[in-house]
>>> print(open('input_14.txt').read())   # compact mmCIF, C-alpha atoms
# COMPACT_ATOMS: atom_id res chain seq x y z
CA MET R 133 6.48 -15.12 -38.27
CA ASP R 134 3.17 -16.87 -38.55
CA ALA R 135 0.47 -17.08 -35.87
CA ALA R 136 1.53 -20.61 -34.90
CA GLU R 137 5.01 -19.37 -34.06
CA VAL R 138 3.65 -16.50 -31.96
CA GLU R 139 1.52 -19.07 -30.14
CA PHE R 140 4.65 -21.20 -29.69
CA LEU R 141 6.31 -18.30 -27.88
CA ALA R 142 3.20 -17.65 -25.79
CA GLU R 143 3.23 -21.28 -24.64
CA LYS R 144 6.13 -20.45 -22.37
CA GLU R 145 3.86 -18.43 -20.06
CA LEU R 146 3.33 -19.94 -16.63
CA VAL R 147 -0.18 -21.00 -15.63
CA THR R 148 -1.47 -22.65 -12.48
CA ILE R 149 -2.68 -26.25 -12.62
CA ILE R 150 -4.02 -28.65 -10.03
CA PRO R 151 -2.58 -32.07 -10.82
CA ASN R 152 -4.27 -35.36 -9.96
CA PHE R 153 -1.01 -37.31 -9.94
CA SER R 154 2.14 -37.10 -7.93
CA LEU R 155 5.62 -36.66 -9.26
CA ASP R 156 8.76 -35.35 -7.66
CA LYS R 157 10.59 -32.30 -8.94
CA ILE R 158 11.59 -32.38 -12.62
CA TYR R 159 14.63 -30.53 -13.87
CA LEU R 160 13.90 -29.26 -17.34
CA ILE R 161 16.49 -27.35 -19.35
CA GLY R 162 14.30 -24.29 -19.13
CA GLY R 163 13.86 -24.46 -15.36
CA ASP R 164 12.73 -26.65 -12.48
CA LEU R 165 9.10 -27.69 -12.06
CA GLY R 166 7.14 -29.30 -9.29
CA PRO R 167 7.01 -31.32 -7.18
CA PHE R 168 3.50 -32.38 -8.15
CA THR R 169 1.06 -33.40 -5.40
CA PRO R 170 -2.57 -34.25 -6.14
CA GLY R 171 -4.82 -31.34 -5.23
CA LEU R 172 -2.08 -28.77 -4.67
CA PRO R 173 -1.70 -25.97 -7.23
CA VAL R 174 1.59 -25.72 -9.08
CA ASP R 175 2.87 -23.37 -11.80
CA VAL R 176 3.89 -24.90 -15.10
CA PRO R 177 4.43 -23.55 -18.64
CA LEU R 178 1.33 -23.45 -20.82
CA TRP R 179 2.57 -26.12 -23.25
CA LEU R 180 2.87 -28.62 -20.42
CA ALA R 181 -0.43 -27.57 -18.83
CA ILE R 182 -2.34 -28.13 -22.08
CA ASN R 183 -0.67 -31.49 -22.62
CA LEU R 184 -1.43 -32.68 -19.09
CA LYS R 185 -5.01 -31.51 -19.42
CA GLN R 186 -5.39 -33.45 -22.68
CA ARG R 187 -4.15 -36.55 -20.86
CA GLN R 188 -6.67 -35.77 -18.12
CA LYS R 189 -3.96 -35.49 -15.53
CA CYS R 190 -4.80 -32.04 -14.20
CA ARG R 191 -7.29 -29.23 -13.87
CA LEU R 192 -6.45 -25.75 -15.17
CA THR R 193 -7.15 -22.62 -13.16
CA PRO R 194 -7.82 -19.50 -15.22
CA PRO R 195 -5.44 -16.55 -14.73
CA GLU R 196 -6.88 -13.93 -12.41
CA TRP R 197 -7.55 -11.45 -15.21
CA MET R 198 -9.77 -13.96 -17.02
CA ASP R 199 -12.89 -12.81 -15.19
CA VAL R 200 -16.05 -11.34 -16.73
CA GLU R 201 -16.14 -8.09 -14.76
CA LYS R 202 -12.45 -7.35 -15.17
CA LEU R 203 -12.62 -8.01 -18.90
CA GLU R 204 -15.71 -5.82 -19.26
CA LYS R 205 -13.79 -2.96 -17.63
CA ILE R 206 -10.85 -3.55 -19.96
CA ARG R 207 -13.08 -3.63 -23.00
CA ASP R 208 -14.83 -0.41 -22.09
CA HIS R 209 -11.54 1.30 -21.32
CA GLU R 210 -10.14 0.18 -24.68
CA ARG R 211 -13.16 1.50 -26.53
CA LYS R 212 -12.97 4.88 -24.82
CA GLU R 213 -9.26 5.51 -25.33
CA GLU R 214 -7.87 6.46 -28.70
CA THR R 215 -4.49 4.90 -28.09
CA PHE R 216 -3.74 1.35 -27.07
CA THR R 217 -4.25 0.52 -23.40
CA PRO R 218 -2.02 -1.97 -21.61
CA MET R 219 -3.39 -5.48 -21.71
CA PRO R 220 -3.48 -7.79 -18.66
CA SER R 221 -1.04 -10.14 -20.35
CA PRO R 222 1.25 -9.74 -23.36
CA CYS R 223 -0.22 -13.01 -24.67
CA TYR R 224 -3.88 -12.48 -23.78
CA MET R 225 -5.14 -13.70 -27.16
CA GLU R 226 -3.08 -16.91 -27.26
CA LEU R 227 -3.79 -17.73 -23.62
CA THR R 228 -7.53 -17.23 -24.09
CA LYS R 229 -7.65 -19.33 -27.22
CA LEU R 230 -5.67 -22.24 -25.80
CA LEU R 231 -7.32 -22.25 -22.39
CA LEU R 232 -10.85 -21.93 -23.73
CA ASN R 233 -10.31 -24.58 -26.41
CA HIS R 234 -8.82 -27.17 -24.12
CA ALA R 235 -10.15 -26.38 -20.66
CA SER R 236 -13.44 -24.53 -20.99
CA ASP R 237 -14.87 -26.83 -18.33
CA ASN R 238 -12.41 -25.40 -15.82
CA ILE R 239 -13.22 -21.79 -16.63
CA PRO R 240 -16.44 -20.19 -15.42
CA LYS R 241 -18.53 -18.28 -18.04
CA ALA R 242 -16.23 -19.39 -20.86
CA ASP R 243 -18.50 -18.15 -23.65
CA GLU R 244 -18.81 -14.66 -22.23
CA ILE R 245 -15.08 -14.46 -21.81
CA ARG R 246 -14.59 -15.54 -25.41
CA THR R 247 -16.94 -12.79 -26.62
CA LEU R 248 -15.32 -10.13 -24.43
CA ILE R 249 -11.81 -10.98 -25.57
CA LYS R 250 -12.96 -10.98 -29.18
CA ASP R 251 -14.46 -7.50 -28.69
CA VAL R 252 -11.21 -6.21 -27.23
CA TRP R 253 -9.24 -7.78 -30.09
CA ASP R 254 -11.53 -6.28 -32.73
CA THR R 255 -11.29 -2.81 -31.18
CA ARG R 256 -7.51 -2.96 -31.05
CA ILE R 257 -7.13 -4.29 -34.58
CA ALA R 258 -9.43 -1.54 -35.86
CA LYS R 259 -7.27 1.06 -34.10
CA LEU R 260 -4.17 -0.55 -35.59
CA ARG R 261 -5.67 -0.39 -39.07
CA VAL R 262 -6.52 3.29 -38.69
CA SER R 263 -3.11 4.22 -37.36
CA ALA R 264 -1.33 2.19 -40.05
CA ASP R 265 -3.39 4.03 -42.66
CA SER R 266 -2.44 7.44 -41.30
CA PHE R 267 1.19 6.33 -40.94
CA VAL R 268 1.37 5.53 -44.62
CA ARG R 269 -0.58 8.61 -45.72
CA GLN R 270 1.56 11.04 -43.79
CA GLN R 271 4.69 9.19 -44.80
CA GLU R 272 6.03 8.99 -41.29
CA ALA R 273 9.39 7.41 -40.73
CA HIS R 274 8.87 6.20 -37.19
CA ALA R 275 6.04 5.05 -34.97
CA GLN R 276 5.90 4.12 -31.33
CA LEU R 277 3.56 1.26 -30.49
CA ASP R 278 3.78 0.44 -26.82
CA ASN R 279 1.08 -1.79 -25.36
CA LEU R 280 0.67 -3.72 -28.59
CA THR R 281 1.00 -7.45 -28.13
CA LEU R 282 3.11 -9.68 -30.34
CA MET R 283 0.09 -11.38 -31.90
CA GLU R 284 -1.42 -8.04 -32.95
CA ILE R 285 1.86 -6.82 -34.42
CA ASN R 286 2.31 -10.05 -36.34
CA THR R 287 -1.22 -10.12 -37.69
CA SER R 288 -0.82 -6.89 -39.62
CA GLY R 289 2.95 -6.46 -39.40
CA ALA R 290 4.05 -8.46 -42.40
CA PHE R 291 1.73 -6.66 -44.77
CA LEU R 292 2.47 -3.26 -43.26
CA THR R 293 6.24 -3.62 -43.50
CA GLN R 294 6.08 -4.89 -47.07
CA ALA R 295 3.83 -2.00 -48.07
CA LEU R 296 6.15 0.51 -46.39
CA ASN R 297 9.19 -1.01 -48.09
CA GLN R 298 7.54 -0.71 -51.49
CA MET R 299 6.51 2.90 -50.83
CA TYR R 300 10.04 3.73 -49.77
CA LYS R 301 11.47 2.19 -52.94
CA LEU R 302 9.01 4.11 -55.10
CA ARG R 303 9.76 7.39 -53.29
CA THR R 304 13.52 7.12 -53.47
CA ASN R 305 13.40 6.37 -57.18
CA LEU R 306 11.55 9.56 -57.96
CA GLN R 307 14.66 11.41 -59.17
CA PRO R 308 14.36 11.95 -62.93
CA PRO R 309 16.99 10.07 -64.93
CA GLU R 310 19.83 12.37 -65.96
CA SER R 311 20.06 11.18 -69.50
CA ALA R 312 16.40 11.61 -70.40
CA PRO R 313 16.06 14.17 -73.12
CA SER R 314 13.38 16.72 -72.51
CA GLN R 315 10.98 17.09 -75.34
CA ASP R 316 10.23 20.68 -76.14
CA PHE R 317 8.21 21.22 -79.22
CA MET C 257 20.30 -29.07 -10.62
CA THR C 258 20.87 -25.94 -12.59
CA GLU C 259 24.30 -26.13 -14.10
CA GLU C 260 26.13 -23.03 -15.12
CA LEU C 261 27.59 -22.93 -18.59
CA ASP C 262 30.54 -21.03 -19.91
CA VAL C 263 29.65 -19.27 -23.08
CA THR C 264 32.91 -18.08 -24.52
CA GLY C 265 32.59 -14.92 -26.55
CA GLN C 266 34.16 -14.74 -29.99
CA ASP C 267 37.91 -14.35 -30.02
CA SER C 268 38.79 -10.77 -30.76
CA ASP C 269 42.15 -9.05 -30.53
CA GLY C 270 41.64 -8.48 -26.85
CA GLY C 271 41.07 -12.14 -25.95
CA SER C 272 37.81 -13.93 -25.23
CA GLU C 273 35.16 -12.90 -22.73
CA GLU C 274 33.39 -15.55 -20.71
CA VAL C 275 29.79 -15.12 -19.73
CA VAL C 276 28.34 -17.70 -17.38
CA LEU C 277 24.73 -18.55 -18.33
CA THR C 278 22.19 -20.83 -16.75
CA PRO C 279 20.52 -23.23 -19.21
CA ALA C 280 17.29 -21.22 -18.96
CA GLU C 281 19.14 -18.04 -19.94
CA LEU C 282 20.80 -19.91 -22.79
CA ILE C 283 17.44 -20.95 -24.21
CA GLU C 284 16.22 -17.37 -23.80
CA ARG C 285 19.25 -16.14 -25.77
CA LEU C 286 18.57 -18.73 -28.49
CA GLU C 287 14.98 -17.54 -28.83
CA GLN C 288 16.12 -13.92 -29.02
CA ALA C 289 18.66 -14.78 -31.72
CA TRP C 290 15.91 -16.69 -33.55
CA MET C 291 13.53 -13.73 -33.56
CA ASN C 292 16.22 -11.27 -34.55
CA GLU C 293 17.30 -13.48 -37.43
CA LYS C 294 13.71 -13.92 -38.60
CA PHE C 295 12.97 -10.22 -38.84
CA ALA C 296 16.31 -8.77 -39.88
CA PRO C 297 16.68 -8.19 -43.63
CA GLU C 298 20.38 -9.14 -43.61
CA LEU C 299 22.35 -12.08 -42.23
CA LEU C 300 23.24 -11.30 -38.62
CA GLU C 301 26.40 -12.24 -36.75
CA SER C 302 26.77 -15.97 -36.23
CA LYS C 303 25.94 -16.99 -32.67
CA SER C 304 27.89 -20.25 -32.87
CA GLU C 305 28.66 -20.34 -29.19
CA ILE C 306 24.96 -20.34 -28.33
CA VAL C 307 24.24 -23.00 -30.96
CA GLU C 308 27.05 -25.20 -29.64
CA CYS C 309 25.96 -24.88 -26.03
CA VAL C 310 22.34 -25.67 -26.92
CA MET C 311 23.44 -28.74 -28.90
CA GLU C 312 25.48 -29.83 -25.89
CA GLN C 313 22.47 -29.46 -23.59
CA LEU C 314 20.23 -31.36 -26.02
CA ASP C 315 22.73 -34.22 -26.40
CA HIS C 316 23.22 -34.38 -22.64
CA MET C 317 19.46 -34.59 -22.04
CA GLU C 318 19.03 -37.20 -24.82
CA GLU C 319 21.72 -39.30 -23.19
CA ASN C 320 19.98 -39.10 -19.81
CA LEU C 321 16.63 -40.01 -21.31
CA ARG C 322 18.06 -42.96 -23.16
CA ARG C 323 19.42 -44.38 -19.95
CA ALA C 324 16.35 -43.70 -17.80
CA LYS C 325 13.59 -46.07 -18.90
CA LYS C 326 11.32 -45.74 -15.91
CA GLY C 327 8.85 -42.93 -15.22
CA ASP C 328 6.85 -42.65 -18.40
CA LEU C 329 5.49 -39.21 -17.54
CA LYS C 330 8.86 -37.67 -16.68
CA VAL C 331 10.44 -38.98 -19.85
CA SER C 332 7.63 -37.68 -22.04
CA ILE C 333 7.75 -34.24 -20.41
CA HIS C 334 11.49 -34.02 -21.02
CA ARG C 335 11.03 -35.19 -24.59
CA MET C 336 8.40 -32.52 -25.22
CA GLU C 337 10.78 -29.86 -24.02
CA LEU C 338 13.56 -31.27 -26.18
CA GLU C 339 11.34 -31.13 -29.24
CA ARG C 340 10.47 -27.48 -28.52
CA ILE C 341 14.10 -26.45 -28.17
CA ARG C 342 15.05 -28.45 -31.24
CA TYR C 343 12.37 -26.65 -33.23
CA VAL C 344 13.71 -23.23 -32.30
CA LEU C 345 17.27 -24.27 -33.09
CA SER C 346 16.37 -25.79 -36.47
CA SER C 347 14.22 -22.83 -37.40
CA TYR C 348 17.08 -20.47 -36.52
CA LEU C 349 19.59 -22.41 -38.64
CA ARG C 350 17.09 -22.77 -41.50
CA CYS C 351 16.47 -19.02 -41.50
CA ARG C 352 20.20 -18.36 -41.74
CA LEU C 353 20.64 -20.85 -44.56
CA MET C 354 17.79 -19.25 -46.47
CA LYS C 355 19.48 -15.86 -46.19
CA ILE C 356 22.83 -17.32 -47.22
CA GLU C 357 21.21 -18.79 -50.32
CA LYS C 358 19.50 -15.51 -51.09
CA PHE C 359 22.50 -13.20 -50.71
CA PHE C 360 25.47 -15.52 -51.21
CA PRO C 361 27.74 -13.35 -53.41
CA HIS C 362 27.51 -10.37 -51.03
CA ILE C 363 28.03 -12.50 -47.93
CA LEU C 364 31.09 -14.21 -49.39
CA GLU C 365 32.46 -10.85 -50.51
CA LYS C 366 32.07 -9.50 -46.98
CA GLU C 367 33.84 -12.54 -45.55
CA LYS C 368 36.77 -12.03 -47.91
CA THR C 369 37.21 -8.39 -47.01
CA ALA C 370 36.51 -8.82 -43.28
CA GLN C 371 39.16 -7.32 -41.06
CA GLU C 372 41.06 -9.17 -38.34
CA GLY C 373 38.97 -9.19 -35.20
CA GLU C 374 35.69 -8.35 -36.87
CA LEU C 375 33.01 -10.83 -35.93
CA SER C 376 32.16 -13.26 -38.68
CA SER C 377 28.60 -13.58 -39.84
CA LEU C 378 29.16 -17.19 -40.89
CA SER C 379 30.03 -20.24 -38.87
CA PRO C 380 32.73 -22.49 -40.41
CA GLU C 381 30.09 -24.96 -41.68
CA GLU C 382 28.00 -22.14 -43.13
CA LEU C 383 31.08 -20.77 -44.91
CA VAL C 384 31.66 -24.15 -46.54
CA PHE C 385 28.00 -24.30 -47.52
CA ALA C 386 28.09 -20.80 -49.01
CA LYS C 387 31.22 -21.51 -51.04
CA GLN C 388 29.80 -24.78 -52.37
CA TYR C 389 26.49 -23.09 -53.18
CA MET C 390 28.34 -20.40 -55.13
CA ALA C 391 30.40 -22.98 -57.02
CA ASN C 392 27.30 -25.02 -57.81
CA THR C 393 25.38 -21.99 -59.05
CA GLU C 394 28.25 -20.93 -61.27
CA THR C 395 28.62 -24.41 -62.71
CA TYR C 396 24.89 -24.67 -63.28
CA LEU C 397 24.65 -21.32 -65.05
CA LYS C 398 27.65 -22.16 -67.20
CA ASN C 399 26.39 -25.57 -68.24
CA VAL C 400 22.81 -24.59 -68.81
CA ALA C 401 23.17 -21.24 -70.53
CA LEU C 402 26.53 -19.49 -70.56
CA LYS C 403 28.57 -21.91 -72.60
CA HIS C 404 26.05 -21.62 -75.39
CA MET C 405 26.39 -17.86 -75.53
CA PRO C 406 28.80 -15.99 -77.80
CA PRO C 407 32.31 -15.92 -76.27
CA ASN C 408 32.27 -12.33 -75.08
CA LEU C 409 29.08 -12.85 -73.05
CA GLN C 410 30.13 -15.96 -71.17
CA THR C 411 30.60 -14.46 -67.75
CA VAL C 412 28.01 -13.28 -65.31
CA ASP C 413 28.88 -10.96 -62.44
CA LEU C 414 27.00 -12.52 -59.55
CA LEU C 415 27.75 -9.56 -57.29
CA ARG C 416 25.79 -7.29 -59.59
CA SER C 417 23.02 -9.67 -60.62
CA VAL C 418 22.01 -10.98 -57.21
CA PRO C 419 20.02 -8.37 -55.27
CA LYS C 420 21.53 -7.01 -52.07
CA PRO C 421 19.73 -7.25 -48.73
CA ASP C 422 17.35 -4.30 -48.40
CA LEU C 423 18.63 -2.52 -45.32
CA ASP C 424 15.94 0.13 -45.67
CA SER C 425 13.15 -2.28 -44.79
CA TYR C 426 10.94 -1.45 -41.86
CA VAL C 427 11.11 -3.56 -38.73
CA PHE C 428 9.31 -3.66 -35.40
CA LEU C 429 11.45 -3.67 -32.31
CA ARG C 430 11.28 -3.70 -28.54
CA VAL C 431 13.83 -1.68 -26.58
CA LYS C 432 15.87 -3.56 -23.98
CA GLU C 433 18.29 -0.79 -23.03
CA ARG C 434 17.38 2.86 -23.09
CA GLN C 435 18.70 4.63 -26.17
CA GLU C 436 19.03 8.33 -26.74
CA ASN C 437 19.28 10.42 -29.85
CA ILE C 438 18.38 7.93 -32.52
CA LEU C 439 18.28 9.82 -35.78
CA VAL C 440 15.13 9.36 -37.83
CA GLU C 441 15.66 10.30 -41.45
CA PRO C 442 12.85 11.99 -43.31
CA GLU C 443 10.77 10.21 -45.87
CA THR C 444 9.86 13.20 -47.97
CA ASP C 445 11.96 16.22 -48.84
CA GLU C 446 9.80 18.56 -46.78
CA GLN C 447 10.46 16.72 -43.53
CA ARG C 448 13.57 17.28 -41.53
CA ASP C 449 15.72 14.81 -39.61
CA TYR C 450 14.67 14.48 -36.02
CA VAL C 451 15.96 12.55 -33.06
CA ILE C 452 14.00 10.35 -30.72
CA ASP C 453 14.76 8.73 -27.42
CA MET C 454 13.80 5.12 -26.94
CA GLU C 455 12.66 4.17 -23.47
CA GLU C 456 13.26 0.71 -22.10
CA GLY C 457 10.31 -1.58 -22.81
CA SER C 458 8.82 0.59 -25.55
CA GLN C 459 8.07 -0.77 -28.99
CA HIS C 460 8.77 0.98 -32.29
CA LEU C 461 8.41 0.69 -36.06
CA ILE C 462 11.41 2.11 -37.87
CA ARG C 463 13.77 1.49 -40.77
CA TYR C 464 16.33 -1.24 -40.15
CA LYS C 465 19.37 0.75 -41.24
CA THR C 466 19.20 3.22 -38.35
CA ILE C 467 19.04 0.60 -35.64
CA ALA C 468 21.18 -2.17 -37.16
CA PRO C 469 24.08 -1.62 -34.71
CA LEU C 470 21.64 -1.77 -31.79
CA VAL C 471 20.41 -5.18 -32.91
CA ALA C 472 23.99 -6.43 -33.12
CA SER C 473 24.78 -5.17 -29.63
CA GLY C 474 21.61 -6.62 -28.12
CA ALA C 475 20.16 -3.26 -27.05
CA VAL C 476 16.94 -3.86 -28.99
CA GLN C 477 15.01 -7.00 -29.88
CA LEU C 478 13.22 -7.35 -33.23
CA ILE C 479 9.62 -8.52 -32.93
>>> encode(input="input_14.txt", output="structure tokens")
Amino acid sequence: MDAAEVEFLAEKELVTIIPNFSLDKIYLIGGDLGPFTPGLPVDVPLWLAINLKQRQKCRLTPPEWMDVEKLEKIRDHERKEETFTPMPSPCYMELTKLLLNHASDNIPKADEIRTLIKDVWDTRIAKLRVSADSFVRQQEAHAQLDNLTLMEINTSGAFLTQALNQMYKLRTNLQPPESAPSQDF
Amino acid sequence: MTEELDVTGQDSDGGSEEVVLTPAELIERLEQAWMNEKFAPELLESKSEIVECVMEQLDHMEENLRRAKKGDLKVSIHRMELERIRYVLSSYLRCRLMKIEKFFPHILEKEKTAQEGELSSLSPEELVFAKQYMANTETYLKNVALKHMPPNLQTVDLLRSVPKPDLDSYVFLRVKERQENILVEPETDEQRDYVIDMEEGSQHLIRYKTIAPLVASGAVQLI
């Protein structure tokens, strides 16, 4: 699964927008949305929110965890702990990227938020790299990775699983062939 | 206007089971089937009833949109959603076709020896595709290489030459229903087998073979 597909899945998350148009309720296959009244907040999926914003039909409100102090606490907590801490949203990376790219004017202190999220991401990826390394070295057969988001798993997952598959194949073929003659001089 | 759909389960010896799904749940099931199919090393059971219901919903919505010309914004929002669902559906079917092309002799062999009442891993159209693909490959190999070989070397055993799906590959999964006593086999000779419990909502990295039946039953979701 590539990053674009993980982002595709994250686009289903609901975000709050403030439309500047009015429209009565719409009945999508995936659920009902609206009605839309100018100035009143309404929850819509991210893909629709971004599209409406690009057409200048709404204003986006950042999710409540996208706040400098909260993110600083999360970043410090992540740096202190050795294991992975729960993230405010299972799609924090995708949400941040899409919201900051398309609606940074609606989000206060966008640059600081971008830096904080990047710090959190870097810390978590570094932890993932270290634990993947020890997983392979100690030849474990199972790992539990709660609190890892889909984007993090997908970033290193493909390589990790291929490497593990190869190692497994090499290990299980270690039996010496029966017909090989031993050479004793 | 949420309609309820009847998703008829596959016909087994005991008759069919009907599960009533809202359209939103149907799309959720499609996405789950899509992710499972993407990450599983083998071809999974065919979810034709989900595919058919989704096609029905898409056609229905297309029909409505064609008739309704007014409301530019509404129409474009519906169309965007249609495109999203269509992408998931096409990607799911493409993934299955890719696996069929990769493992066709083994899949066809399994279909031939499948028991009465066992769920098929191919839809009727996919079965036709697989058989034609096999025939085409055999014809191609014969015309390009085999008929020029000495007479006693003119056959190729596709079952032995085409690699089997690697069921020992590692997969990531998320647990939907609590599981107990999953056996983890050792990697090296010094380690011993041990059992783990999987809590609901936890995520794991493990070999596919151990948890294959859980994927089929829907107790875990591959990620």
>>> residues_near_point(input="input_14.txt", point="(7.1, -34.4, -8.1)", cutoff="10 Å", atoms="all atoms listed in the file", output="PyMOL selection string")
(chain R and resi 153-158+165-170) or (chain C and resi 330)
>>> write_last_selection(input="input_14.txt", atoms="C-alpha atoms", output="short mmCIF file (atom, residue, chain, number, x, y, z; two decimals), keeping the file's coordinate frame")
data_model
loop_
_atom_site.label_atom_id
_atom_site.label_comp_id
_atom_site.auth_asym_id
_atom_site.auth_seq_id
_atom_site.Cartn_x
_atom_site.Cartn_y
_atom_site.Cartn_z
CA PHE R 153 -1.01 -37.31 -9.94
CA SER R 154 2.14 -37.10 -7.93
CA LEU R 155 5.62 -36.66 -9.26
CA ASP R 156 8.76 -35.35 -7.66
CA LYS R 157 10.59 -32.30 -8.94
CA ILE R 158 11.59 -32.38 -12.62
CA LEU R 165 9.10 -27.69 -12.06
CA GLY R 166 7.14 -29.30 -9.29
CA PRO R 167 7.01 -31.32 -7.18
CA PHE R 168 3.50 -32.38 -8.15
CA THR R 169 1.06 -33.40 -5.40
CA PRO R 170 -2.57 -34.25 -6.14
CA LYS C 330 8.86 -37.67 -16.68
#
>>> closest_residue(input="input_14.txt", among="C:Arg350, C:Arg416, C:His334, C:Lys358", to="chain R", atoms="only C-alpha atoms")
C:His334
>>> closest_residue(input="input_14.txt", among="R:Val268, R:Val200, R:Ala142, R:Val147", to="R:Ala242", atoms="all atoms listed in the file")
R:Val200
>>> closest_residue(input="input_14.txt", among="R:Asp278, R:Glu204, R:Glu284, R:Asp175", to="chain C", atoms="only C-alpha atoms")
R:Asp278
>>> residues_near_point(input="input_14.txt", point="(35.0, -13.7, -47.9)", cutoff="10 Å", atoms="all atoms listed in the file", output="PDB file with C-alpha atoms, in the frame of the given file")
ATOM      1  CA  PRO C 361      27.740 -13.350 -53.410  1.00  0.00           C
ATOM      2  CA  HIS C 362      27.510 -10.370 -51.030  1.00  0.00           C
ATOM      3  CA  ILE C 363      28.030 -12.500 -47.930  1.00  0.00           C
ATOM      4  CA  LEU C 364      31.090 -14.210 -49.390  1.00  0.00           C
ATOM      5  CA  GLU C 365      32.460 -10.850 -50.510  1.00  0.00           C
ATOM      6  CA  LYS C 366      32.070  -9.500 -46.980  1.00  0.00           C
ATOM      7  CA  GLU C 367      33.840 -12.540 -45.550  1.00  0.00           C
ATOM      8  CA  LYS C 368      36.770 -12.030 -47.910  1.00  0.00           C
ATOM      9  CA  THR C 369      37.210  -8.390 -47.010  1.00  0.00           C
ATOM     10  CA  ALA C 370      36.510  -8.820 -43.280  1.00  0.00           C
ATOM     11  CA  SER C 376      32.160 -13.260 -38.680  1.00  0.00           C
ATOM     12  CA  LEU C 378      29.160 -17.190 -40.890  1.00  0.00           C
ATOM     13  CA  LEU C 383      31.080 -20.770 -44.910  1.00  0.00           C
ATOM     14  CA  ALA C 386      28.090 -20.800 -49.010  1.00  0.00           C
ATOM     15  CA  LYS C 387      31.220 -21.510 -51.040  1.00  0.00           C
TER      16      LYS C 387
END
>>> build_atoms(input="input_14.txt", residues="stretch 354-365 of chain C", atoms="N, CA, C and O atoms", output="tab-separated table (two decimals), keeping the file's coordinate frame")
chain	number	residue	atom	x	y	z
C	354	MET	N	18.60	-19.88	-45.43
C	354	MET	CA	17.79	-19.25	-46.47
C	354	MET	C	18.39	-17.92	-46.87
C	354	MET	O	18.47	-17.57	-48.04
C	355	LYS	N	18.86	-17.15	-45.87
C	355	LYS	CA	19.48	-15.86	-46.19
C	355	LYS	C	20.79	-16.04	-46.92
C	355	LYS	O	21.14	-15.27	-47.81
C	356	ILE	N	21.55	-17.07	-46.54
C	356	ILE	CA	22.83	-17.32	-47.22
C	356	ILE	C	22.55	-17.63	-48.69
C	356	ILE	O	23.21	-17.13	-49.58
C	357	GLU	N	21.53	-18.46	-48.94
C	357	GLU	CA	21.21	-18.79	-50.32
C	357	GLU	C	20.73	-17.58	-51.10
C	357	GLU	O	21.00	-17.44	-52.28
C	358	LYS	N	20.05	-16.67	-50.40
C	358	LYS	CA	19.50	-15.51	-51.09
C	358	LYS	C	20.58	-14.50	-51.45
C	358	LYS	O	20.54	-13.88	-52.50
C	359	PHE	N	21.54	-14.30	-50.53
C	359	PHE	CA	22.50	-13.20	-50.71
C	359	PHE	C	23.93	-13.68	-50.84
C	359	PHE	O	24.86	-12.97	-50.49
C	360	PHE	N	24.14	-14.91	-51.34
C	360	PHE	CA	25.47	-15.52	-51.21
C	360	PHE	C	26.64	-14.71	-51.79
C	360	PHE	O	27.69	-14.66	-51.16
C	361	PRO	N	26.52	-14.03	-52.95
C	361	PRO	CA	27.74	-13.35	-53.41
C	361	PRO	C	28.16	-12.23	-52.45
C	361	PRO	O	29.34	-12.05	-52.18
C	362	HIS	N	27.18	-11.50	-51.90
C	362	HIS	CA	27.51	-10.37	-51.03
C	362	HIS	C	28.09	-10.85	-49.71
C	362	HIS	O	29.01	-10.25	-49.16
C	363	ILE	N	27.54	-11.96	-49.20
C	363	ILE	CA	28.03	-12.50	-47.93
C	363	ILE	C	29.46	-12.98	-48.09
C	363	ILE	O	30.32	-12.72	-47.24
C	364	LEU	N	29.73	-13.70	-49.20
C	364	LEU	CA	31.09	-14.21	-49.39
C	364	LEU	C	32.06	-13.06	-49.61
C	364	LEU	O	33.20	-13.11	-49.15
C	365	GLU	N	31.61	-12.01	-50.30
C	365	GLU	CA	32.46	-10.85	-50.51
C	365	GLU	C	32.81	-10.20	-49.18
C	365	GLU	O	33.96	-9.81	-48.94
